[in-house]
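Q: For reference, this is upload_11.tsv, and it has TSV, C-alpha atoms.
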chain	number	residue	atom	x	y	z
A	1	MET	CA	26.00	24.27	-24.16
A	2	THR	CA	25.43	20.57	-23.43
A	3	VAL	CA	22.04	18.95	-23.97
A	4	THR	CA	21.37	15.63	-22.30
A	5	LEU	CA	18.66	13.50	-23.85
A	6	LEU	CA	16.80	11.18	-21.52
A	7	PRO	CA	15.27	7.91	-22.64
A	8	ALA	CA	11.54	8.23	-23.32
A	9	ALA	CA	10.61	5.97	-20.41
A	10	THR	CA	12.55	8.12	-17.96
A	11	THR	CA	10.99	11.31	-19.27
A	12	GLN	CA	7.51	9.80	-19.17
A	13	ALA	CA	8.01	8.65	-15.59
A	14	GLN	CA	9.15	12.12	-14.59
A	15	ILE	CA	6.21	13.97	-16.13
A	16	THR	CA	3.45	11.47	-15.37
A	17	PRO	CA	2.26	11.77	-11.77
A	18	ALA	CA	1.57	8.63	-9.77
A	19	ALA	CA	-2.03	7.52	-9.75
A	20	SER	CA	-4.04	9.13	-6.99
A	21	LEU	CA	-4.83	7.07	-3.94
A	22	ALA	CA	-8.54	7.14	-4.76
A	23	SER	CA	-7.94	5.86	-8.30
A	24	THR	CA	-5.55	3.17	-7.03
A	25	LEU	CA	-8.16	1.90	-4.58
A	26	LYS	CA	-10.89	2.10	-7.21
A	27	ALA	CA	-8.80	0.04	-9.65
A	28	ALA	CA	-8.08	-2.54	-6.92
A	29	HIS	CA	-11.73	-2.89	-5.89
A	30	TRP	CA	-12.78	-6.58	-6.06
A	31	ARG	CA	-9.37	-7.42	-7.63
A	32	GLN	CA	-6.70	-6.84	-4.99
A	33	ARG	CA	-6.25	-6.20	-1.33
A	34	VAL	CA	-4.25	-3.05	-0.62
A	35	LEU	CA	-1.79	-2.40	2.18
A	36	LEU	CA	-1.30	1.33	2.76
A	37	ILE	CA	1.83	2.18	4.74
A	38	CYS	CA	1.59	5.79	5.89
A	39	ALA	CA	4.48	7.65	7.49
A	40	PRO	CA	5.49	11.29	7.99
A	41	THR	CA	8.48	10.93	5.62
A	42	ALA	CA	10.02	8.40	3.25
A	43	THR	CA	12.88	7.89	5.71
A	44	ASP	CA	10.69	7.24	8.76
A	45	ALA	CA	12.21	4.43	10.88
A	46	GLN	CA	8.92	2.56	11.18
A	47	LEU	CA	8.33	2.75	7.43
A	48	LEU	CA	11.79	1.32	6.80
A	49	LYS	CA	11.15	-1.46	9.33
A	50	GLN	CA	7.81	-2.30	7.70
A	51	ARG	CA	9.45	-2.41	4.28
A	52	ALA	CA	12.11	-4.81	5.58
A	53	LEU	CA	9.48	-7.07	7.16
A	54	LEU	CA	7.52	-7.27	3.91
A	55	GLN	CA	10.64	-7.91	1.81
A	56	THR	CA	10.88	-11.34	3.41
A	57	ALA	CA	7.30	-12.23	2.49
A	58	ARG	CA	6.95	-11.41	-1.20
A	59	ALA	CA	5.51	-14.83	-2.11
A	60	GLY	CA	2.83	-14.50	0.56
A	61	LEU	CA	1.93	-11.00	-0.61
A	62	THR	CA	1.55	-12.23	-4.17
A	63	GLU	CA	-0.45	-15.29	-3.13
A	64	ARG	CA	-2.92	-13.04	-1.31
A	65	ASN	CA	-3.26	-10.53	-4.16
A	66	LEU	CA	-1.85	-7.77	-1.98
A	67	LEU	CA	-0.80	-4.45	-3.48
A	68	VAL	CA	1.55	-2.56	-1.14
A	69	ARG	CA	1.71	1.22	-1.38
A	70	GLU	CA	4.01	3.39	0.73
A	71	LEU	CA	2.59	6.84	1.40
A	72	PRO	CA	4.99	9.36	2.95
A	73	TRP	CA	2.86	12.36	3.92
A	74	ALA	CA	5.63	14.83	3.08
A	75	SER	CA	5.38	13.98	-0.62
A	76	LEU	CA	1.64	13.34	-1.02
A	77	PRO	CA	-0.69	15.61	-2.97
A	78	GLU	CA	-3.36	17.29	-0.86
A	79	ALA	CA	-6.13	15.11	-2.34
A	80	ASP	CA	-4.34	11.95	-1.17
A	81	ARG	CA	-3.76	13.46	2.27
A	82	ASN	CA	-7.46	14.23	2.61
A	83	TYR	CA	-8.40	10.74	1.46
A	84	LEU	CA	-6.01	9.18	4.00
A	85	ARG	CA	-7.49	11.30	6.78
A	86	GLN	CA	-10.91	9.85	5.92
A	87	LEU	CA	-9.42	6.36	6.27
A	88	GLY	CA	-7.91	7.20	9.66
A	89	GLY	CA	-4.43	8.28	8.63
A	90	SER	CA	-2.54	11.08	10.34
A	91	PRO	CA	0.30	13.23	8.93
A	92	ASP	CA	2.41	13.04	12.07
A	93	SER	CA	2.28	9.31	12.80
A	94	PHE	CA	2.90	5.90	11.29
A	95	ARG	CA	-0.11	3.85	10.18
A	96	VAL	CA	-0.66	0.59	8.33
A	97	LEU	CA	-4.10	0.15	6.78
A	98	LEU	CA	-5.26	-3.08	5.19
A	99	ILE	CA	-8.00	-2.54	2.61
A	100	GLY	CA	-10.00	-5.60	1.62
A	101	LYS	CA	-11.10	-6.44	-1.90
A	102	ASP	CA	-14.52	-5.02	-0.98
A	103	GLY	CA	-12.90	-1.63	-0.27
A	104	GLY	CA	-13.36	-1.71	3.51
A	105	VAL	CA	-10.60	-1.11	6.05
A	106	LYS	CA	-9.93	-4.53	7.59
A	107	ARG	CA	-7.02	-3.72	9.86
A	108	ARG	CA	-5.34	-0.63	11.32
A	109	ASP	CA	-1.96	-0.67	13.00
A	110	THR	CA	0.15	2.10	14.51
A	111	GLU	CA	3.35	0.03	14.48
A	112	PRO	CA	4.95	-2.15	11.82
A	113	VAL	CA	3.00	-5.37	11.41
A	114	THR	CA	4.60	-8.76	10.85
A	115	PRO	CA	3.73	-10.68	7.70
A	116	ALA	CA	2.40	-13.52	9.90
A	117	ALA	CA	-0.07	-11.20	11.65
A	118	LEU	CA	-1.08	-9.61	8.37
A	119	PHE	CA	-1.57	-12.98	6.67
A	120	ALA	CA	-3.60	-14.28	9.64
A	121	THR	CA	-5.99	-11.35	9.23
A	122	ILE	CA	-6.28	-11.86	5.48
A	123	ASP	CA	-6.59	-15.65	5.71
A	124	GLY	CA	-9.49	-15.23	8.14
A	125	MET	CA	-11.51	-13.18	5.66
A	126	PRO	CA	-14.43	-15.01	3.99
A	127	MET	CA	-13.30	-14.06	0.48
A	128	ARG	CA	-9.78	-15.34	1.14
A	129	ARG	CA	-11.12	-18.61	2.54
A	130	GLN	CA	-13.07	-19.08	-0.70
A	131	GLU	CA	-9.91	-18.37	-2.70
A	132	MET	CA	-7.99	-20.99	-0.71
A	133	LYS	CA	-10.71	-23.60	-1.30
A	134	ARG	CA	-10.56	-23.02	-5.05
A	135	VAL	CA	-6.79	-23.56	-5.08
A	136	LYS	CA	-6.98	-26.93	-3.31
Take the structure from the file and write it as structure tokens.
A:
Amino acid sequence: MTVTLLPAATTQAQITPAASLASTLKAAHWRQRVLLICAPTATDAQLLKQRALLQTARAGLTERNLLVRELPWASLPEADRNYLRQLGGSPDSFRVLLIGKDGGVKRRDTEPVTPAALFATIDGMPMRRQEMKRVK
């Protein structure tokens, strides 16, 4: 009989579930903007396209305090599915939801959104304009 020991970090990651969507949004409230990328599966073509678009804009995401969370419906717990439905998500279609620091939905898209369009929305928000003034 062979026993394979896993490093503690690996074991912990396997037995600790990801934070619920509600707790993620609660923790981000007034601290971060959140981009929720919802798709039927983790291999959805639109999800993969959105991921590729955002890969090119990491500095802009960081500058705008944007937490990106991919949410494939096929692997979500029921509580997260219900929460997403309340936000306007649907299990059979692609959605991108931008949540502001105040917790409100600021943008909804049914197709992958370019970083430029996303940043234009964020940069037009009053809180973001205040942040940009403080940096100058």
Q: Could you check which of A:Ser23, A:Ser75, A:Gln46, A:Gln55 is closest to A:Thr110, using only C-alpha atoms?
A: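 The shortest atom-to-atom distance to A:Thr110 comes from A:Gln46.
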Q: Could you check the closest approach to A:Glu78 for each of A:Glu111, A:Arg134, A:Gln32, A:Leu21 and tell me which residue wins, using all atoms listed in the file?
A: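 Under the stated criterion, the closest residue is A:Leu21.
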Q: Measuring between all atoms listed in the file, which one of A:Gln50, A:Gln130, A:Thr24, A:Thr43 shows the shortest distance to A:Arg95?
A: A:Gln50
Q: Compare A:Ala74, A:Ala27, A:Leu54, A:Leu35 by their minimum atom-to-atom distance to A:Asp109, counting only C-alpha atoms, and give me the closest one.
A: A:Leu35
Q: Point out the residue among A:Pro40, A:Gly88, A:Gly60, A:Gly104 with the least atom-to-atom distance to A:Leu118, counting all atoms listed in the file.
A: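 Ranked by minimum distance to A:Leu118, first place goes to A:Gly60.
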Q: Can you measure atom CA of A:Ala120 to atom CA of A:Glu63 for me? One decimal in Å is fine.
A: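 Answer for the atom CA of A:Ala120 to atom CA of A:Glu63 separation: 13.2 Å.
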Q: So, counting all atoms listed in the file, which residue among A:Ala42, A:Ala57, A:Ala19, A:Val113 is closest to A:Leu98?
A: A:Val113
Q: Mind pulling up the distance from atom CA of A:Leu87 to atom CA of A:Leu61?
A: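 Computing the Euclidean distance for atom CA of A:Leu61 and atom CA of A:Leu87 yields 21.9 Å.
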Q: The residues within 10 Å of (-15.5, -11.4, 3.1), using all atoms listed in the file and the coordinates of the file, should be reported as a PDB file with C-alpha atoms, keeping the file's coordinate frame; which are they?
A:
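Saved as result15.pdb:
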ATOM      1  CA  GLY A 100     -10.000  -5.600   1.620  1.00  0.00           C
ATOM      2  CA  LYS A 101     -11.100  -6.440  -1.900  1.00  0.00           C
ATOM      3  CA  ASP A 102     -14.520  -5.020  -0.980  1.00  0.00           C
ATOM      4  CA  GLY A 104     -13.360  -1.710   3.510  1.00  0.00           C
ATOM      5  CA  LYS A 106      -9.930  -4.530   7.590  1.00  0.00           C
ATOM      6  CA  ILE A 122      -6.280 -11.860   5.480  1.00  0.00           C
ATOM      7  CA  GLY A 124      -9.490 -15.230   8.140  1.00  0.00           C
ATOM      8  CA  MET A 125     -11.510 -13.180   5.660  1.00  0.00           C
ATOM      9  CA  PRO A 126     -14.430 -15.010   3.990  1.00  0.00           C
ATOM     10  CA  MET A 127     -13.300 -14.060   0.480  1.00  0.00           C
ATOM     11  CA  ARG A 128      -9.780 -15.340   1.140  1.00  0.00           C
ATOM     12  CA  ARG A 129     -11.120 -18.610   2.540  1.00  0.00           C
ATOM     13  CA  GLN A 130     -13.070 -19.080  -0.700  1.00  0.00           C
TER      14      GLN A 130
END
Q: What is the atom CA of A:Cys38-atom CA of A:Met132 distance in Å, reported with one decimal?
A: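 So the answer is 29.2 Å.
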